[in-house]
Amino acid sequence: MNPIINVINNRTSLRKFSKVPVSELHKKTIIKSAMRAPSAGNLMLYSMILVENKDTLEILSRSCDEQPFIKTASFALIFLVDYQKMYDYFADNNFHSYCLEQDQKAVYPGLSDLLLGSQDAMAAAQNSVIAAESLGVGSCYIGDIIENYELHRELFNLKDLSFPLSMIVFGNYPDNYKPKIQSRFDEKYVLFKEKYRSLSSEELHDMYRENEAKFQSNNPFEAKNAAQVIYAQKIGSEFGLEMKRSVNEIYKRWLEAGYKDE
Ligand SMILES: Cc1cc2nc3c(=O)[nH]c(=O)nc-3n(C[C@H](O)[C@H](O)[C@H](O)COP(=O)(O)O)c2cc1C
């Protein structure tokens with residue numbers, strides 16, 4: 001099989017790392033591969049923060065919803081959506097006076113720009129994961145980096161237009177260890193031809209059938225069905241609420257950023 005497809009098909013998230021750190025060469029290759037990702041207008045509306053300091057990894061293992069394996073990683077890359085650099089460049093080069101001369105109101109980064117930067121950041125992030133896997137380096141996304149915004153802002157000296165969208169932890173595989181490959185939903189529930197369509201109740205039960213089978217043997221939330229378990233584990237959970245609070249603060253600062261300079 002094509003070696004890249006083989007890497008994609010055999011990749012799993014790794015949450016148990018060898019004590020042997022990732023080599024400098026592999027680390028550099030992973031970072032360079034992230035930077036080769038496509039980028040809107042080739043403006044690279046993201047930045048990465050390389051975290052190797054064990055104390056910082058320890059803090060992150062607590063602030064990202066108590067996930068102790070984070071501190072055992074060789075390093076982490078935090079992918080920031082970053083308009084700060086471009087905005088500072090505009091400000092340094094008198095975009096305000098240009099707008100006045102053109103009789104235009106100054107326009108500041110909006111949620112559309114935030115989403116465009118997010119597309120850039122995630123393209124880079126996934127490139128790093130695939131590059132790592134191809135080198136025999138394991139990785140795991142940490143979505144919980146969008147929690148505790150104020151703490152992470154302070155910890156990493158972030159600005160209003162640079163915030164952490166995703167984090168990936170990297171490390172070598174322990175000897176003779178490879179996590180089980182997780183199944184995916186059936187393609188017919190993920191790939192729609194030409195137009196989106198809503199799924200019927202029967203199709204939804206079928207789509208979630210593995211969760212429903214597990215629910216019969218494991219019901220930690222006094223739930224009445226598998227859907228209620230997923231709800232309780234995800235959007236209705238304590239971490240889900242913290243994510244919402246934290247991201248609302250990110251959006252607020254982002255949308256207010258330019259207006260503060262007027
Ligand atoms: C956006 C995103 C956020 C994730 N956040 C976490 C996380 O905080 N902790 C974790 O252990 N795994 C996290 N994962 C990994 C998923 O749990 C994992 O991809 C999924 O269970 C499928 O397993 P696989 O990657 O081994 O195929 C995340 C994955 C993605 C794409």
# chains A, B, ... in the order shown; residues from 1 in each chain; ligands from 1
$ closest_atom_pairs --of "segment 148-212 of chain A" --to "segment 51-70 of chain A" --cutoff "9 Å" --atoms "only C-alpha atoms" --output "tab-separated table"
residue	atom	partner	partner_atom	distance
A:Asn148	CA	A:Ser63	CA	6.6
A:Leu151	CA	A:Ser63	CA	8.1
A:His152	CA	A:Ser63	CA	8.4
A:Leu155	CA	A:Thr56	CA	8.3
A:Val169	CA	A:Ile70	CA	6.7
$ residues_near_ligand --ligand "ligand 1" --cutoff "6 Å" --atoms "only C-alpha atoms and all ligand atoms" --output "tab-separated table (two decimals) with N, CA and C atoms, in the first residue's frame"
chain	number	residue	atom	x	y	z
A	12	THR	N	-2.79	5.94	15.60
A	12	THR	CA	-3.74	5.98	16.73
A	12	THR	C	-3.23	7.08	17.65
A	13	SER	N	-4.09	7.55	18.53
A	13	SER	CA	-3.61	8.50	19.55
A	13	SER	C	-2.76	7.72	20.55
A	140	CYS	N	-0.87	12.84	20.55
A	140	CYS	CA	-2.28	12.91	20.95
A	140	CYS	C	-2.72	14.37	21.01
A	141	TYR	N	-3.82	14.66	20.35
A	141	TYR	CA	-4.43	16.00	20.46
A	141	TYR	C	-4.95	16.21	21.87
A	142	ILE	N	-4.86	17.43	22.35
A	142	ILE	CA	-5.46	17.80	23.64
A	142	ILE	C	-6.39	18.99	23.39
A	143	GLY	N	-7.67	18.66	23.16
A	143	GLY	CA	-8.65	19.71	22.87
A	143	GLY	C	-8.89	20.62	24.07
A	144	ASP	N	-8.62	20.08	25.26
A	144	ASP	CA	-8.90	20.84	26.49
A	144	ASP	C	-8.01	22.07	26.66
A	181	ILE	N	-6.52	0.17	17.28
A	181	ILE	CA	-7.10	1.09	16.29
A	181	ILE	C	-8.60	1.25	16.59
A	182	GLN	N	-9.04	2.48	16.73
A	182	GLN	CA	-10.45	2.77	17.04
A	182	GLN	C	-11.27	2.74	15.76
$ atom_distance --atom1 "atom CA of Ser74 of chain A" --atom2 "atom CA of Glu24 of chain A"
10.8 Å
$ closest_residue --among "A:Glu147, A:Asp261, A:Glu133, A:Asp120" --to "Pro3 of chain A" --atoms "only C-alpha atoms"
A:Glu133
$ atom_distance --atom1 "atom CA of Arg197 of chain A" --atom2 "atom CA of Phe185 of chain A"
16.2 Å
$ select_by_dssp --residues "segment 83-159 of chain A" --states "strand (DSSP E)" --output "JSON, numbers by chain"
{"A": [137, 138, 139, 140, 141, 142]}
$ select_by_dssp --residues "segment 6-243 of chain A" --states "helix (DSSP H, G or I)" --output "JSON, numbers by chain"
{"A": [6, 7, 8, 9, 10, 24, 25, 26, 27, 28, 29, 30, 31, 32, 33, 34, 35, 40, 41, 42, 54, 55, 56, 57, 58, 59, 60, 61, 62, 63, 68, 69, 70, 71, 72, 84, 85, 86, 87, 88, 89, 90, 91, 92, 95, 96, 97, 98, 99, 100, 101, 111, 112, 113, 114, 115, 116, 117, 118, 119, 120, 121, 122, 123, 124, 125, 126, 127, 128, 129, 130, 131, 132, 133, 134, 143, 144, 145, 146, 149, 150, 151, 152, 153, 154, 155, 156, 187, 188, 189, 201, 202, 203, 204, 205, 206, 207, 209, 210, 211, 212, 213, 214, 215, 216, 217, 226, 227, 228, 229, 230, 231, 232, 233, 238, 239, 240, 241, 242, 243]}
$ closest_atom_pairs --of "segment 112-220 of chain A" --to "segment 87-99 of chain A" --cutoff "12 Å" --atoms "only C-alpha atoms" --output "CSV"
residue,atom,partner,partner_atom,distance
A:Asp113,CA,A:Tyr87,CA,11.5
A:Lys159,CA,A:Asp88,CA,11.0
A:Asp160,CA,A:Tyr87,CA,10.7
A:Leu161,CA,A:Tyr87,CA,8.2
A:Ser162,CA,A:Tyr87,CA,10.5
$ residues_around --residues "Gly136 of chain A" --least-positions-apart "5" --cutoff "12 Å" --atoms "only C-alpha atoms" --output "PyMOL selection string"
chain A and resi 7+10-12+14+17-18+22-23+26-27+30+129-131+170-175+177-178
$ atom_distance --atom1 "atom CA of Ala227 of chain A" --atom2 "atom CA of Phe215 of chain A"
9.3 Å
$ residues_around --residues "Lys28 of chain A" --least-positions-apart "4" --cutoff "12 Å" --atoms "only C-alpha atoms" --output "mmCIF file with N, CA and C atoms, in the first residue's frame"
data_model
loop_
_atom_site.group_PDB
_atom_site.id
_atom_site.type_symbol
_atom_site.label_atom_id
_atom_site.label_comp_id
_atom_site.auth_asym_id
_atom_site.auth_seq_id
_atom_site.Cartn_x
_atom_site.Cartn_y
_atom_site.Cartn_z
ATOM 1 N N VAL A 22 12.004 12.301 22.198
ATOM 2 C CA VAL A 22 12.025 12.387 20.725
ATOM 3 C C VAL A 22 13.329 13.079 20.325
ATOM 4 N N SER A 23 13.991 12.551 19.307
ATOM 5 C CA SER A 23 15.284 13.136 18.911
ATOM 6 C C SER A 23 15.090 14.551 18.365
ATOM 7 N N GLU A 24 16.164 15.330 18.425
ATOM 8 C CA GLU A 24 16.113 16.705 17.895
ATOM 9 C C GLU A 24 15.745 16.690 16.424
ATOM 10 N N LYS A 32 8.854 21.385 10.946
ATOM 11 C CA LYS A 32 8.946 21.821 9.541
ATOM 12 C C LYS A 32 7.767 21.281 8.728
ATOM 13 N N SER A 33 7.343 20.066 9.025
ATOM 14 C CA SER A 33 6.208 19.479 8.289
ATOM 15 C C SER A 33 4.934 20.250 8.594
ATOM 16 N N ALA A 34 4.762 20.656 9.838
ATOM 17 C CA ALA A 34 3.582 21.471 10.193
ATOM 18 C C ALA A 34 3.576 22.734 9.339
ATOM 19 N N MET A 35 4.749 23.327 9.201
ATOM 20 C CA MET A 35 4.835 24.603 8.471
ATOM 21 C C MET A 35 4.654 24.459 6.964
ATOM 22 N N LEU A 50 6.353 25.718 21.260
ATOM 23 C CA LEU A 50 6.990 24.441 21.603
ATOM 24 C C LEU A 50 7.167 24.399 23.118
ATOM 25 N N PHE A 75 7.477 16.364 24.285
ATOM 26 C CA PHE A 75 7.207 17.795 24.067
ATOM 27 C C PHE A 75 5.768 17.975 23.602
ATOM 28 N N LEU A 77 3.221 20.734 21.206
ATOM 29 C CA LEU A 77 3.100 21.907 20.326
ATOM 30 C C LEU A 77 1.715 22.487 20.555
ATOM 31 N N SER A 128 1.571 17.851 11.393
ATOM 32 C CA SER A 128 2.576 17.456 12.397
ATOM 33 C C SER A 128 2.301 16.043 12.914
ATOM 34 N N ALA A 131 3.305 13.572 10.112
ATOM 35 C CA ALA A 131 4.773 13.520 9.994
ATOM 36 C C ALA A 131 5.342 12.721 11.162
ATOM 37 N N ALA A 132 4.837 13.000 12.371
ATOM 38 C CA ALA A 132 5.342 12.297 13.561
ATOM 39 C C ALA A 132 5.145 10.794 13.401
ATOM 40 N N LEU A 135 7.464 8.979 11.329
ATOM 41 C CA LEU A 135 8.815 8.840 11.892
ATOM 42 C C LEU A 135 8.826 7.876 13.080
#
$ residues_around --residues "Asn219 of chain A" --least-positions-apart "6" --cutoff "9 Å" --atoms "only C-alpha atoms" --output "number ranges by chain"
A: 225-226, 229
$ residues_around --residues "Gln228 of chain A" --least-positions-apart "4" --cutoff "12 Å" --atoms "only C-alpha atoms" --output "ChimeraX atom specification"
/A:211-212,215,219-224,232-237
$ write_last_selection --atoms "C-alpha atoms" --output "compact mmCIF listing (two decimals), in the first residue's frame"
# COMPACT_ATOMS: atom_id res chain seq x y z
CA ASN A 211 -21.94 3.32 22.09
CA GLU A 212 -25.33 1.72 22.64
CA PHE A 215 -24.06 1.36 27.50
CA ASN A 219 -23.65 3.29 32.73
CA PRO A 220 -21.69 5.68 34.96
CA PHE A 221 -24.18 8.60 34.89
CA GLU A 222 -27.50 7.01 35.94
CA ALA A 223 -28.52 7.67 32.34
CA LYS A 224 -31.50 6.10 30.63
CA ALA A 232 -23.26 13.84 30.32
CA GLN A 233 -19.69 13.08 29.25
CA LYS A 234 -19.43 15.90 26.72
CA ILE A 235 -21.45 19.09 26.42
CA GLY A 236 -23.26 18.70 29.76
CA SER A 237 -20.06 17.95 31.69
$ residues_around --residues "Glu203 of chain A" --least-positions-apart "4" --cutoff "12 Å" --atoms "only C-alpha atoms" --output "ChimeraX atom specification"
/A:185-186,188-190,197-199,207-209
$ closest_residue --among "A:Tyr259, A:Asp103, A:Ala73, A:Leu204" --to "Gly138 of chain A" --atoms "only C-alpha atoms"
A:Ala73
$ closest_residue --among "A:Phe156, A:Met122, A:Ile78, A:Glu210" --to "Ile49 of chain A" --atoms "only C-alpha atoms"
A:Ile78
$ closest_atom_pairs --of "segment 115-182 of chain A" --to "segment 38-48 of chain A" --cutoff "12 Å" --atoms "only C-alpha atoms" --output "CSV"
residue,atom,partner,partner_atom,distance
A:Leu115,CA,A:Leu45,CA,10.2
A:Leu116,CA,A:Ala40,CA,7.3
A:Gly117,CA,A:Leu45,CA,4.9
A:Ser118,CA,A:Tyr46,CA,7.7
A:Gln119,CA,A:Ser39,CA,8.0
A:Asp120,CA,A:Ser39,CA,5.2
A:Ala121,CA,A:Tyr46,CA,5.3
A:Met122,CA,A:Tyr46,CA,9.1
A:Ala123,CA,A:Pro38,CA,6.8
A:Ala124,CA,A:Pro38,CA,7.6
A:Ala125,CA,A:Met48,CA,9.1
A:Gln126,CA,A:Pro38,CA,11.1
A:Asn127,CA,A:Pro38,CA,9.6
A:Ser128,CA,A:Met48,CA,11.0
A:Phe156,CA,A:Met48,CA,11.0
A:Leu158,CA,A:Ser47,CA,10.9
A:Leu161,CA,A:Tyr46,CA,10.1
A:Ser162,CA,A:Tyr46,CA,7.9
A:Phe163,CA,A:Tyr46,CA,9.2
A:Pro164,CA,A:Met48,CA,8.9
A:Leu165,CA,A:Tyr46,CA,9.4
A:Ser166,CA,A:Met48,CA,9.7
A:Met167,CA,A:Met48,CA,9.2
A:Ile168,CA,A:Met48,CA,10.4
$ closest_residue --among "A:Ala76, A:Glu249, A:Leu100, A:Asn218" --to "Ser139 of chain A" --atoms "only C-alpha atoms"
A:Ala76
